[in-house]
file upload-v3.cif (mmCIF, C-alpha atoms)
data_target
loop_
_atom_site.label_atom_id
_atom_site.label_comp_id
_atom_site.auth_asym_id
_atom_site.auth_seq_id
_atom_site.Cartn_x
_atom_site.Cartn_y
_atom_site.Cartn_z
CA MET G 1 -39.88 -28.22 -96.17
CA ARG G 2 -40.08 -30.79 -93.37
CA PRO G 3 -37.72 -33.31 -95.03
CA LEU G 4 -35.02 -30.64 -94.95
CA LEU G 5 -35.24 -30.20 -91.18
CA PRO G 6 -33.44 -33.44 -90.24
CA LEU G 7 -30.68 -32.63 -92.72
CA PHE G 8 -30.33 -29.11 -91.31
CA LEU G 9 -30.15 -30.41 -87.73
CA CYS G 10 -27.59 -32.99 -88.77
CA LEU G 11 -25.41 -30.31 -90.37
CA VAL G 12 -25.67 -28.06 -87.32
CA CYS G 13 -24.79 -30.89 -84.91
CA GLY G 14 -21.89 -31.89 -87.13
CA ALA G 15 -20.56 -28.33 -87.19
CA LEU G 16 -20.84 -28.05 -83.41
CA ALA G 17 -19.04 -31.36 -82.95
CA GLN G 18 -16.28 -30.22 -85.30
CA ASP G 19 -15.90 -26.93 -83.41
CA GLN G 20 -15.56 -28.82 -80.14
CA LYS G 21 -13.05 -31.21 -81.65
CA SER G 22 -10.95 -28.30 -82.88
CA SER G 23 -10.81 -27.03 -79.29
CA VAL G 24 -8.66 -30.03 -78.31
CA LEU G 25 -5.08 -28.78 -78.30
CA LYS G 26 -3.19 -31.78 -76.97
CA VAL G 27 -3.78 -35.49 -76.41
CA CYS G 28 -1.13 -37.56 -74.65
CA ASP G 29 -2.64 -40.96 -73.90
CA PHE G 30 0.59 -42.86 -74.72
CA GLU G 31 -1.22 -44.92 -77.33
CA THR G 32 1.52 -44.05 -79.81
CA GLY G 33 3.60 -46.63 -77.95
CA ASP G 34 6.39 -44.15 -77.20
CA LEU G 35 7.15 -41.02 -75.16
CA THR G 36 7.35 -38.51 -78.00
CA GLN G 37 4.10 -36.65 -77.29
CA LEU G 38 5.58 -34.35 -74.62
CA GLY G 39 8.91 -33.02 -73.40
CA LEU G 40 10.85 -35.21 -70.95
CA GLN G 41 12.72 -34.22 -67.81
CA LYS G 42 14.51 -37.22 -66.35
CA ALA G 43 17.77 -38.24 -64.72
CA GLN G 44 17.93 -41.91 -65.78
CA GLU G 45 16.81 -43.95 -68.77
CA ASP G 46 14.23 -45.75 -66.65
CA SER G 47 12.90 -42.58 -65.01
CA LEU G 48 10.09 -42.40 -67.59
CA THR G 49 8.83 -45.56 -69.28
CA LEU G 50 5.67 -47.09 -70.76
CA VAL G 51 3.71 -49.86 -69.06
CA THR G 52 0.72 -52.01 -69.98
CA SER G 53 -0.49 -52.26 -66.38
CA PRO G 54 -1.90 -50.37 -64.59
CA VAL G 55 -3.61 -48.48 -67.44
CA ARG G 56 -6.51 -46.04 -67.16
CA ALA G 57 -7.61 -46.48 -70.78
CA GLY G 58 -6.20 -48.02 -73.95
CA LYS G 59 -3.08 -50.17 -73.99
CA PHE G 60 -0.41 -47.98 -72.40
CA ALA G 61 0.25 -45.65 -69.47
CA ALA G 62 3.41 -43.91 -68.25
CA LYS G 63 5.47 -45.01 -65.27
CA THR G 64 7.58 -42.43 -63.44
CA LEU G 65 10.39 -43.62 -61.17
CA LEU G 66 12.27 -41.24 -58.90
CA ARG G 67 15.14 -42.27 -56.63
CA SER G 68 16.71 -40.31 -53.81
CA SER G 69 20.07 -41.02 -55.49
CA ASP G 70 19.01 -39.43 -58.81
CA PRO G 71 20.96 -36.30 -59.79
CA GLU G 72 19.05 -33.05 -60.08
CA VAL G 73 17.48 -32.04 -63.39
CA ASN G 74 16.83 -28.33 -63.93
CA GLY G 75 17.36 -27.53 -60.27
CA GLY G 76 15.45 -30.39 -58.67
CA GLN G 77 14.92 -34.12 -58.48
CA ARG G 78 12.27 -34.91 -61.03
CA ALA G 79 10.85 -37.44 -63.46
CA GLU G 80 8.34 -35.34 -65.39
CA PHE G 81 6.54 -34.77 -68.66
CA SER G 82 6.50 -31.14 -69.79
CA ASP G 83 3.90 -29.55 -72.08
CA GLY G 84 5.94 -26.41 -72.84
CA LYS G 85 5.01 -23.54 -75.12
CA ARG G 86 6.59 -25.29 -78.10
CA MET G 87 4.16 -28.14 -77.50
CA THR G 88 0.92 -26.36 -76.51
CA LYS G 89 0.66 -22.58 -76.62
CA ILE G 90 -1.41 -21.25 -73.72
CA GLU G 91 -2.65 -17.66 -74.00
CA MET G 92 -3.55 -15.21 -71.27
CA GLU G 93 -7.13 -14.08 -70.67
CA LYS G 94 -8.53 -17.28 -72.19
CA ASP G 95 -9.99 -20.35 -70.55
CA TYR G 96 -8.54 -23.85 -70.85
CA TRP G 97 -9.49 -27.38 -69.84
CA TYR G 98 -7.03 -30.04 -68.63
CA GLY G 99 -7.55 -33.71 -67.86
CA LEU G 100 -5.18 -36.26 -66.31
CA SER G 101 -5.43 -39.56 -64.45
CA ILE G 102 -2.91 -40.44 -61.70
CA PHE G 103 -2.29 -43.83 -60.04
CA VAL G 104 -0.49 -43.68 -56.69
CA PRO G 105 0.65 -47.19 -55.64
CA GLU G 106 0.05 -48.63 -52.17
CA ASP G 107 3.74 -48.37 -51.26
CA PHE G 108 4.07 -44.69 -52.20
CA LYS G 109 5.44 -42.60 -49.35
CA ALA G 110 5.46 -38.81 -49.52
CA PRO G 111 8.65 -37.03 -48.36
CA ALA G 112 8.63 -36.28 -44.64
CA LYS G 113 9.45 -32.57 -44.76
CA SER G 114 7.88 -31.62 -48.08
CA ASN G 115 5.24 -32.88 -50.49
CA ALA G 116 5.30 -34.60 -53.86
CA VAL G 117 4.27 -32.39 -56.77
CA LEU G 118 2.49 -34.62 -59.33
CA PHE G 119 0.60 -32.14 -61.56
CA GLN G 120 1.63 -28.50 -61.87
CA TRP G 121 1.35 -25.34 -63.96
CA HIS G 122 4.68 -23.55 -64.28
CA THR G 123 5.27 -19.90 -65.16
CA GLN G 124 7.05 -19.23 -68.43
CA GLN G 125 9.85 -17.05 -67.05
CA GLY G 126 9.60 -15.79 -63.48
CA GLY G 127 7.35 -15.07 -60.56
CA PRO G 128 5.89 -17.62 -58.15
CA SER G 129 5.84 -21.12 -59.59
CA PRO G 130 4.00 -23.37 -59.83
CA VAL G 131 0.97 -21.08 -59.86
CA LEU G 132 -1.28 -24.12 -59.43
CA SER G 133 -0.30 -27.60 -58.28
CA ILE G 134 -1.78 -30.94 -57.26
CA ARG G 135 0.41 -32.63 -54.67
CA VAL G 136 0.55 -35.53 -52.22
CA ASN G 137 1.74 -35.07 -48.65
CA GLY G 138 1.67 -37.33 -45.61
CA GLU G 139 -2.05 -36.75 -45.14
CA GLY G 140 -3.47 -36.96 -48.67
CA TRP G 141 -3.97 -34.82 -51.77
CA LEU G 142 -3.08 -31.14 -51.42
CA ILE G 143 -4.05 -28.55 -54.04
CA ASN G 144 -2.11 -25.29 -53.85
CA GLY G 145 -2.48 -21.92 -55.58
CA ASN G 146 0.52 -19.60 -55.76
CA ALA G 147 -0.11 -16.93 -58.37
CA THR G 148 0.45 -13.96 -56.04
CA GLU G 149 3.57 -15.04 -54.10
CA LYS G 150 1.26 -16.16 -51.28
CA ARG G 151 0.86 -19.92 -51.51
CA ARG G 152 -2.61 -21.00 -50.46
CA ALA G 153 -4.06 -24.43 -49.80
CA LEU G 154 -7.13 -24.62 -52.03
CA ALA G 155 -8.18 -28.11 -50.92
CA ARG G 156 -7.04 -31.07 -48.83
CA LEU G 157 -8.53 -34.35 -49.99
CA PRO G 158 -8.35 -38.06 -49.15
CA LEU G 159 -5.75 -40.09 -51.06
CA GLU G 160 -6.95 -43.42 -52.39
CA LYS G 161 -3.86 -45.49 -53.16
CA GLY G 162 -3.85 -48.41 -55.56
CA LYS G 163 -6.44 -46.92 -57.93
CA TRP G 164 -6.68 -44.27 -60.62
CA THR G 165 -7.71 -40.75 -59.63
CA ASP G 166 -9.17 -38.63 -62.44
CA TRP G 167 -8.57 -34.88 -62.47
CA VAL G 168 -10.22 -32.20 -64.60
CA VAL G 169 -9.18 -28.54 -64.32
CA HIS G 170 -10.99 -25.58 -65.93
CA VAL G 171 -9.07 -22.33 -65.61
CA ARG G 172 -8.81 -18.82 -67.02
CA TRP G 173 -5.21 -17.65 -66.83
CA SER G 174 -5.10 -13.98 -65.87
CA ALA G 175 -2.77 -11.59 -64.04
CA LYS G 176 -5.83 -9.54 -63.08
CA ALA G 177 -8.52 -10.41 -60.57
CA ASP G 178 -10.82 -11.77 -63.26
CA GLY G 179 -9.44 -15.30 -63.51
CA PHE G 180 -10.95 -18.50 -62.18
CA TRP G 181 -10.19 -22.15 -61.61
CA THR G 182 -12.51 -25.06 -61.04
CA ILE G 183 -11.16 -28.52 -60.26
CA TRP G 184 -12.90 -31.91 -60.18
CA LYS G 185 -11.58 -35.09 -58.56
CA ASN G 186 -13.25 -38.23 -59.89
CA GLY G 187 -16.15 -36.16 -61.17
CA THR G 188 -16.76 -34.26 -57.93
CA GLU G 189 -16.05 -30.54 -57.80
CA VAL G 190 -13.44 -29.85 -55.11
CA VAL G 191 -12.24 -26.30 -55.95
CA ASN G 192 -14.21 -23.37 -57.36
CA GLU G 193 -12.73 -19.86 -57.15
CA LYS G 194 -13.73 -16.87 -59.26
CA ASP G 195 -12.46 -13.31 -59.74
CA ILE G 196 -8.92 -14.16 -58.69
CA ILE G 197 -5.38 -13.80 -60.04
CA THR G 198 -4.33 -17.11 -61.56
CA GLN G 199 -1.06 -16.28 -63.35
CA TYR G 200 2.04 -14.15 -62.98
CA PRO G 201 1.99 -11.22 -65.47
CA GLU G 202 3.65 -12.76 -68.51
CA ALA G 203 3.07 -12.81 -72.25
CA LEU G 204 1.80 -16.40 -72.14
CA GLY G 205 -0.09 -18.53 -69.68
CA PRO G 206 1.71 -21.21 -67.65
CA TYR G 207 2.65 -24.57 -69.12
CA ALA G 208 1.54 -27.85 -67.60
CA LYS G 209 3.83 -30.56 -66.23
CA PHE G 210 3.08 -33.91 -64.65
CA GLY G 211 5.18 -36.62 -63.10
CA GLN G 212 7.20 -36.65 -59.90
CA TYR G 213 8.92 -33.60 -58.47
CA HIS G 214 10.36 -33.57 -54.92
CA SER G 215 8.78 -36.93 -54.05
CA VAL G 216 11.86 -38.51 -52.44
CA ASP G 217 14.12 -37.66 -49.51
CA ALA G 218 16.61 -39.28 -47.14
CA GLU G 219 13.83 -41.44 -45.67
CA THR G 220 12.22 -42.32 -49.00
CA SER G 221 14.65 -44.15 -51.28
CA GLN G 222 12.33 -44.18 -54.30
CA ASN G 223 8.75 -43.70 -55.45
CA VAL G 224 6.75 -44.85 -58.46
CA VAL G 225 3.65 -43.06 -59.82
CA TYR G 226 1.67 -43.81 -63.01
CA PHE G 227 -0.03 -41.33 -65.35
CA ASP G 228 -2.46 -41.62 -68.26
CA GLU G 229 -5.06 -39.76 -70.33
CA TYR G 230 -3.57 -36.24 -70.43
CA ARG G 231 -5.59 -33.81 -72.55
CA VAL G 232 -5.84 -30.06 -73.05
CA ALA G 233 -8.69 -28.10 -74.67
CA GLY G 234 -8.92 -24.38 -75.28
CA PRO G 235 -11.84 -21.96 -75.48
CA GLY G 236 -14.94 -23.85 -76.54
CA GLY G 237 -13.75 -26.97 -74.74
CA SER G 238 -15.69 -28.93 -72.16
CA TYR G 239 -15.34 -31.34 -69.27
CA GLU G 240 -16.17 -34.31 -71.48
CA LEU G 241 -13.49 -33.40 -74.05
CA VAL G 242 -10.64 -33.77 -71.57
CA ALA G 243 -11.98 -36.09 -68.85
CA PRO G 244 -10.00 -39.35 -68.59
CA ALA G 245 -11.77 -42.21 -70.38
CA GLY G 246 -14.62 -39.89 -71.35
CA GLY G 247 -15.90 -39.40 -67.79
CA LYS G 248 -18.64 -37.00 -66.78
CA PRO G 249 -18.97 -34.77 -63.69
CA SER G 250 -21.39 -35.74 -60.95
CA SER G 251 -22.89 -32.25 -61.34
CA PRO G 252 -22.87 -30.04 -64.48
CA PRO G 253 -19.70 -27.87 -64.82
#

call {"tool": "encode", "arguments": {"input": "upload-v3.cif", "output": "structure tokens"}}
result
Amino acid sequence: MRPLLPLFLCLVCGALAQDQKSSVLKVCDFETGDLTQLGLQKAQEDSLTLVTSPVRAGKFAAKTLLRSSDPEVNGGQRAEFSDGKRMTKIEMEKDYWYGLSIFVPEDFKAPAKSNAVLFQWHTQQGGPSPVLSIRVNGEGWLINGNATEKRRALARLPLEKGKWTDWVVHVRWSAKADGFWTIWKNGTEVVNEKDIITQYPEALGPYAKFGQYHSVDAETSQNVVYFDEYRVAGPGGSYELVAPAGGKPSSPP
């Protein structure tokens, strides 16, 4: 019977790996060489483009360019990628994993009277939105929660310009006080809240968007930000499945 044991273990490990792989719902690493993997919200042709440098992994990353002179798109100045429900369906009362890498250049300047929204989760129809967001203000990174019409600062973190910052988010979208969200920056856990409301009461969970939203003003003529390695995994997912460039947390999730 012993010779069968290695075969059995191999089959089990293969099945587990396949289950994990099936948990991956979306990969947008721009390695297709185009911008067809997600929805686009832009004012100009050069608002969203591909570049070969800087790149977090692979050959391509996305460049977002927002000018103070750009006309509004859907009620605001934006150069964003949208992972709407027709792209990735997100259900309530289930947990999801998100990964994204963001490169903020040295000359980036946040708007004086607001903050630049770079990664956000938007409600499907109404209520407070975004319910969760990763922003940059004049002082650094700012993570906000706003699922109950009371926007809260979840974390304020140093901003390292001129290098890639890797984000991983694990969240259970719920309109009841049984949700959670845990967020890692470059492998270090920076937010961990449990038994909270994480989504406005809707039929579906929020959809993710990344890019630039409200990152220019009268004093900031334009800003450029780069993005790469966006991934989403559903129940059964893990940190490693979505982490940019296959990164691992500094402590177990």

call {"tool": "closest_residue", "arguments": {"input": "upload-v3.cif", "among": "G:Lys248, G:Lys185, G:Lys63, G:Arg135", "to": "G:Leu100", "atoms": "all atoms listed in the file"}}
result
G:Lys185

call {"tool": "resolve_selection", "arguments": {"input": "upload-v3.cif", "expression": "the PyMOL selection byres ((chain G and resi 94) around 8)", "output": "number ranges by chain"}}
result
G: 91-93, 95-96, 172-174, 234-235

call {"tool": "closest_residue", "arguments": {"input": "upload-v3.cif", "among": "G:Val136, G:Ile143, G:Ala243, G:Ala79", "to": "G:Gly187", "atoms": "only C-alpha atoms"}}
result
G:Ala243

call {"tool": "closest_residue", "arguments": {"input": "upload-v3.cif", "among": "G:Val24, G:Ala177, G:Ala43, G:Ile134", "to": "G:Gly76", "atoms": "only C-alpha atoms"}}
result
G:Ala43

call {"tool": "atom_distance", "arguments": {"input": "upload-v3.cif", "atom1": "atom CA of G:Thr88", "atom2": "atom CA of G:Gln124"}}
result
12.4 Å

call {"tool": "residues_around", "arguments": {"input": "upload-v3.cif", "residues": "G:Ser47", "least_positions_apart": "3", "cutoff": "9 Å", "atoms": "all atoms listed in the file", "output": "PyMOL selection string"}}
result
chain G and resi 41-44+63-67+78-80

call {"tool": "closest_atom_pairs", "arguments": {"input": "upload-v3.cif", "of": "stretch 62-165 of chain G", "to": "stretch 227-232 of chain G", "cutoff": "10 Å", "atoms": "all atoms listed in the file", "output": "CSV"}}
result
residue,atom,partner,partner_atom,distance
G:Ala62,CA,G:Phe227,CA,5.2
G:Lys63,CA,G:Phe227,CA,6.6
G:Thr64,CA,G:Phe227,CA,7.9
G:Phe81,CA,G:Phe227,CA,9.9
G:Asp83,CA,G:Val232,CA,9.8
G:Thr88,CA,G:Val232,CA,8.4
G:Ile90,CA,G:Val232,CA,9.9
G:Tyr96,CA,G:Val232,CA,7.1
G:Trp97,CA,G:Val232,CA,5.6
G:Tyr98,CA,G:Val232,CA,4.6
G:Gly99,CA,G:Arg231,CA,5.1
G:Leu100,CA,G:Tyr230,CA,4.4
G:Ser101,CA,G:Asp228,CA,5.3
G:Ile102,CA,G:Phe227,CA,4.7
G:Phe103,CA,G:Phe227,CA,6.3
G:Val104,CA,G:Phe227,CA,9.0
G:Leu118,CA,G:Phe227,CA,9.4
G:Phe119,CA,G:Phe227,CA,10.0
G:Trp164,CA,G:Phe227,CA,8.7
G:Thr165,CA,G:Phe227,CA,9.6

call {"tool": "atom_distance", "arguments": {"input": "upload-v3.cif", "atom1": "atom CA of G:Val169", "atom2": "atom CA of G:Gly138"}}
result
23.3 Å

call {"tool": "residues_around", "arguments": {"input": "upload-v3.cif", "residues": "G:Leu50", "least_positions_apart": "2", "cutoff": "8 Å", "atoms": "only C-alpha atoms", "output": "PDB file with C-alpha atoms, in the frame of the given file"}}
result
ATOM      1  CA  PHE G  30       0.590 -42.860 -74.720  1.00  0.00           C
ATOM      2  CA  GLY G  33       3.600 -46.630 -77.950  1.00  0.00           C
ATOM      3  CA  ASP G  34       6.390 -44.150 -77.200  1.00  0.00           C
ATOM      4  CA  LEU G  35       7.150 -41.020 -75.160  1.00  0.00           C
ATOM      5  CA  LEU G  48      10.090 -42.400 -67.590  1.00  0.00           C
ATOM      6  CA  THR G  52       0.720 -52.010 -69.980  1.00  0.00           C
ATOM      7  CA  PHE G  60      -0.410 -47.980 -72.400  1.00  0.00           C
ATOM      8  CA  ALA G  61       0.250 -45.650 -69.470  1.00  0.00           C
ATOM      9  CA  ALA G  62       3.410 -43.910 -68.250  1.00  0.00           C
ATOM     10  CA  LYS G  63       5.470 -45.010 -65.270  1.00  0.00           C
TER      11      LYS G  63
END

call {"tool": "resolve_selection", "arguments": {"input": "upload-v3.cif", "expression": "the PyMOL selection byres ((chain G and resi 197-206) around 9)", "output": "CSV table (one decimal) with C-alpha atoms, in the coordinates of the input"}}
result
chain,number,residue,atom,x,y,z
G,84,GLY,CA,5.9,-26.4,-72.8
G,85,LYS,CA,5.0,-23.5,-75.1
G,89,LYS,CA,0.7,-22.6,-76.6
G,90,ILE,CA,-1.4,-21.2,-73.7
G,91,GLU,CA,-2.6,-17.7,-74.0
G,92,MET,CA,-3.6,-15.2,-71.3
G,93,GLU,CA,-7.1,-14.1,-70.7
G,94,LYS,CA,-8.5,-17.3,-72.2
G,121,TRP,CA,1.4,-25.3,-64.0
G,122,HIS,CA,4.7,-23.6,-64.3
G,123,THR,CA,5.3,-19.9,-65.2
G,124,GLN,CA,7.0,-19.2,-68.4
G,125,GLN,CA,9.8,-17.0,-67.0
G,126,GLY,CA,9.6,-15.8,-63.5
G,127,GLY,CA,7.4,-15.1,-60.6
G,128,PRO,CA,5.9,-17.6,-58.2
G,129,SER,CA,5.8,-21.1,-59.6
G,130,PRO,CA,4.0,-23.4,-59.8
G,131,VAL,CA,1.0,-21.1,-59.9
G,132,LEU,CA,-1.3,-24.1,-59.4
G,145,GLY,CA,-2.5,-21.9,-55.6
G,146,ASN,CA,0.5,-19.6,-55.8
G,147,ALA,CA,-0.1,-16.9,-58.4
G,148,THR,CA,0.4,-14.0,-56.0
G,171,VAL,CA,-9.1,-22.3,-65.6
G,172,ARG,CA,-8.8,-18.8,-67.0
G,173,TRP,CA,-5.2,-17.6,-66.8
G,174,SER,CA,-5.1,-14.0,-65.9
G,175,ALA,CA,-2.8,-11.6,-64.0
G,176,LYS,CA,-5.8,-9.5,-63.1
G,177,ALA,CA,-8.5,-10.4,-60.6
G,178,ASP,CA,-10.8,-11.8,-63.3
G,179,GLY,CA,-9.4,-15.3,-63.5
G,180,PHE,CA,-11.0,-18.5,-62.2
G,181,TRP,CA,-10.2,-22.2,-61.6
G,194,LYS,CA,-13.7,-16.9,-59.3
G,195,ASP,CA,-12.5,-13.3,-59.7
G,196,ILE,CA,-8.9,-14.2,-58.7
G,207,TYR,CA,2.6,-24.6,-69.1
G,208,ALA,CA,1.5,-27.8,-67.6

call {"tool": "resolve_selection", "arguments": {"input": "upload-v3.cif", "expression": "the PyMOL selection byres ((chain G and resi 106) around 10)", "output": "PyMOL selection string"}}
result
chain G and resi 103-105+107-109+160-163+224

call {"tool": "build_atoms", "arguments": {"input": "upload-v3.cif", "residues": "stretch 18-45 of chain G", "atoms": "N, CA and C atoms", "output": "PDB file, in the frame of the given file"}}
result
ATOM      1  N   GLN G  18     -17.575 -30.548 -84.718  1.00  0.00           N
ATOM      2  CA  GLN G  18     -16.280 -30.220 -85.300  1.00  0.00           C
ATOM      3  C   GLN G  18     -15.626 -29.054 -84.570  1.00  0.00           C
ATOM      4  N   ASP G  19     -16.428 -28.062 -84.168  1.00  0.00           N
ATOM      5  CA  ASP G  19     -15.900 -26.930 -83.410  1.00  0.00           C
ATOM      6  C   ASP G  19     -15.325 -27.391 -82.084  1.00  0.00           C
ATOM      7  N   GLN G  20     -16.060 -28.294 -81.403  1.00  0.00           N
ATOM      8  CA  GLN G  20     -15.560 -28.820 -80.140  1.00  0.00           C
ATOM      9  C   GLN G  20     -14.269 -29.594 -80.338  1.00  0.00           C
ATOM     10  N   LYS G  21     -14.242 -30.412 -81.385  1.00  0.00           N
ATOM     11  CA  LYS G  21     -13.050 -31.210 -81.650  1.00  0.00           C
ATOM     12  C   LYS G  21     -11.842 -30.332 -81.901  1.00  0.00           C
ATOM     13  N   SER G  22     -12.059 -29.206 -82.581  1.00  0.00           N
ATOM     14  CA  SER G  22     -10.950 -28.300 -82.880  1.00  0.00           C
ATOM     15  C   SER G  22     -10.448 -27.594 -81.631  1.00  0.00           C
ATOM     16  N   SER G  23     -11.236 -27.639 -80.548  1.00  0.00           N
ATOM     17  CA  SER G  23     -10.810 -27.030 -79.290  1.00  0.00           C
ATOM     18  C   SER G  23      -9.771 -27.873 -78.570  1.00  0.00           C
ATOM     19  N   VAL G  24      -9.644 -29.146 -78.929  1.00  0.00           N
ATOM     20  CA  VAL G  24      -8.660 -30.030 -78.310  1.00  0.00           C
ATOM     21  C   VAL G  24      -7.277 -29.671 -78.832  1.00  0.00           C
ATOM     22  N   LEU G  25      -6.403 -29.257 -77.922  1.00  0.00           N
ATOM     23  CA  LEU G  25      -5.080 -28.780 -78.300  1.00  0.00           C
ATOM     24  C   LEU G  25      -4.001 -29.846 -78.137  1.00  0.00           C
ATOM     25  N   LYS G  26      -4.199 -30.764 -77.221  1.00  0.00           N
ATOM     26  CA  LYS G  26      -3.190 -31.780 -76.970  1.00  0.00           C
ATOM     27  C   LYS G  26      -3.840 -33.045 -76.421  1.00  0.00           C
ATOM     28  N   VAL G  27      -3.404 -34.183 -76.948  1.00  0.00           N
ATOM     29  CA  VAL G  27      -3.780 -35.490 -76.410  1.00  0.00           C
ATOM     30  C   VAL G  27      -2.502 -36.270 -76.192  1.00  0.00           C
ATOM     31  N   CYS G  28      -2.266 -36.698 -74.963  1.00  0.00           N
ATOM     32  CA  CYS G  28      -1.130 -37.560 -74.650  1.00  0.00           C
ATOM     33  C   CYS G  28      -1.666 -38.736 -73.841  1.00  0.00           C
ATOM     34  N   ASP G  29      -2.099 -39.769 -74.559  1.00  0.00           N
ATOM     35  CA  ASP G  29      -2.640 -40.960 -73.900  1.00  0.00           C
ATOM     36  C   ASP G  29      -1.684 -42.136 -74.014  1.00  0.00           C
ATOM     37  N   PHE G  30      -0.488 -41.883 -74.585  1.00  0.00           N
ATOM     38  CA  PHE G  30       0.590 -42.860 -74.720  1.00  0.00           C
ATOM     39  C   PHE G  30       0.247 -44.014 -75.640  1.00  0.00           C
ATOM     40  N   GLU G  31      -0.846 -43.860 -76.408  1.00  0.00           N
ATOM     41  CA  GLU G  31      -1.220 -44.920 -77.330  1.00  0.00           C
ATOM     42  C   GLU G  31      -0.362 -44.946 -78.590  1.00  0.00           C
ATOM     43  N   THR G  32       0.548 -43.995 -78.720  1.00  0.00           N
ATOM     44  CA  THR G  32       1.520 -44.050 -79.810  1.00  0.00           C
ATOM     45  C   THR G  32       2.580 -45.118 -79.545  1.00  0.00           C
ATOM     46  N   GLY G  33       2.632 -45.603 -78.302  1.00  0.00           N
ATOM     47  CA  GLY G  33       3.600 -46.630 -77.950  1.00  0.00           C
ATOM     48  C   GLY G  33       4.984 -46.087 -77.678  1.00  0.00           C
ATOM     49  N   ASP G  34       5.096 -44.761 -77.527  1.00  0.00           N
ATOM     50  CA  ASP G  34       6.390 -44.150 -77.200  1.00  0.00           C
ATOM     51  C   ASP G  34       6.156 -42.922 -76.341  1.00  0.00           C
ATOM     52  N   LEU G  35       7.237 -42.191 -76.054  1.00  0.00           N
ATOM     53  CA  LEU G  35       7.150 -41.020 -75.160  1.00  0.00           C
ATOM     54  C   LEU G  35       7.415 -39.722 -75.922  1.00  0.00           C
ATOM     55  N   THR G  36       7.021 -39.670 -77.168  1.00  0.00           N
ATOM     56  CA  THR G  36       7.350 -38.510 -78.000  1.00  0.00           C
ATOM     57  C   THR G  36       6.301 -37.412 -77.949  1.00  0.00           C
ATOM     58  N   GLN G  37       5.193 -37.615 -77.244  1.00  0.00           N
ATOM     59  CA  GLN G  37       4.100 -36.650 -77.290  1.00  0.00           C
ATOM     60  C   GLN G  37       4.350 -35.402 -76.455  1.00  0.00           C
ATOM     61  N   LEU G  38       5.281 -35.479 -75.493  1.00  0.00           N
ATOM     62  CA  LEU G  38       5.580 -34.350 -74.620  1.00  0.00           C
ATOM     63  C   LEU G  38       7.083 -34.269 -74.381  1.00  0.00           C
ATOM     64  N   GLY G  39       7.530 -33.145 -73.793  1.00  0.00           N
ATOM     65  CA  GLY G  39       8.910 -33.020 -73.400  1.00  0.00           C
ATOM     66  C   GLY G  39       9.205 -33.892 -72.182  1.00  0.00           C
ATOM     67  N   LEU G  40      10.451 -34.325 -72.044  1.00  0.00           N
ATOM     68  CA  LEU G  40      10.850 -35.210 -70.950  1.00  0.00           C
ATOM     69  C   LEU G  40      11.895 -34.551 -70.078  1.00  0.00           C
ATOM     70  N   GLN G  41      11.728 -34.686 -68.773  1.00  0.00           N
ATOM     71  CA  GLN G  41      12.720 -34.220 -67.810  1.00  0.00           C
ATOM     72  C   GLN G  41      13.035 -35.379 -66.881  1.00  0.00           C
ATOM     73  N   LYS G  42      14.188 -36.003 -67.081  1.00  0.00           N
ATOM     74  CA  LYS G  42      14.510 -37.220 -66.350  1.00  0.00           C
ATOM     75  C   LYS G  42      16.011 -37.311 -66.116  1.00  0.00           C
ATOM     76  N   ALA G  43      16.368 -38.068 -65.068  1.00  0.00           N
ATOM     77  CA  ALA G  43      17.770 -38.240 -64.720  1.00  0.00           C
ATOM     78  C   ALA G  43      18.332 -39.558 -65.243  1.00  0.00           C
ATOM     79  N   GLN G  44      17.493 -40.585 -65.353  1.00  0.00           N
ATOM     80  CA  GLN G  44      17.930 -41.910 -65.780  1.00  0.00           C
ATOM     81  C   GLN G  44      17.070 -42.389 -66.950  1.00  0.00           C
ATOM     82  N   GLU G  45      17.555 -43.409 -67.643  1.00  0.00           N
ATOM     83  CA  GLU G  45      16.810 -43.950 -68.770  1.00  0.00           C
ATOM     84  C   GLU G  45      15.480 -44.559 -68.329  1.00  0.00           C
TER      85      GLU G  45
END
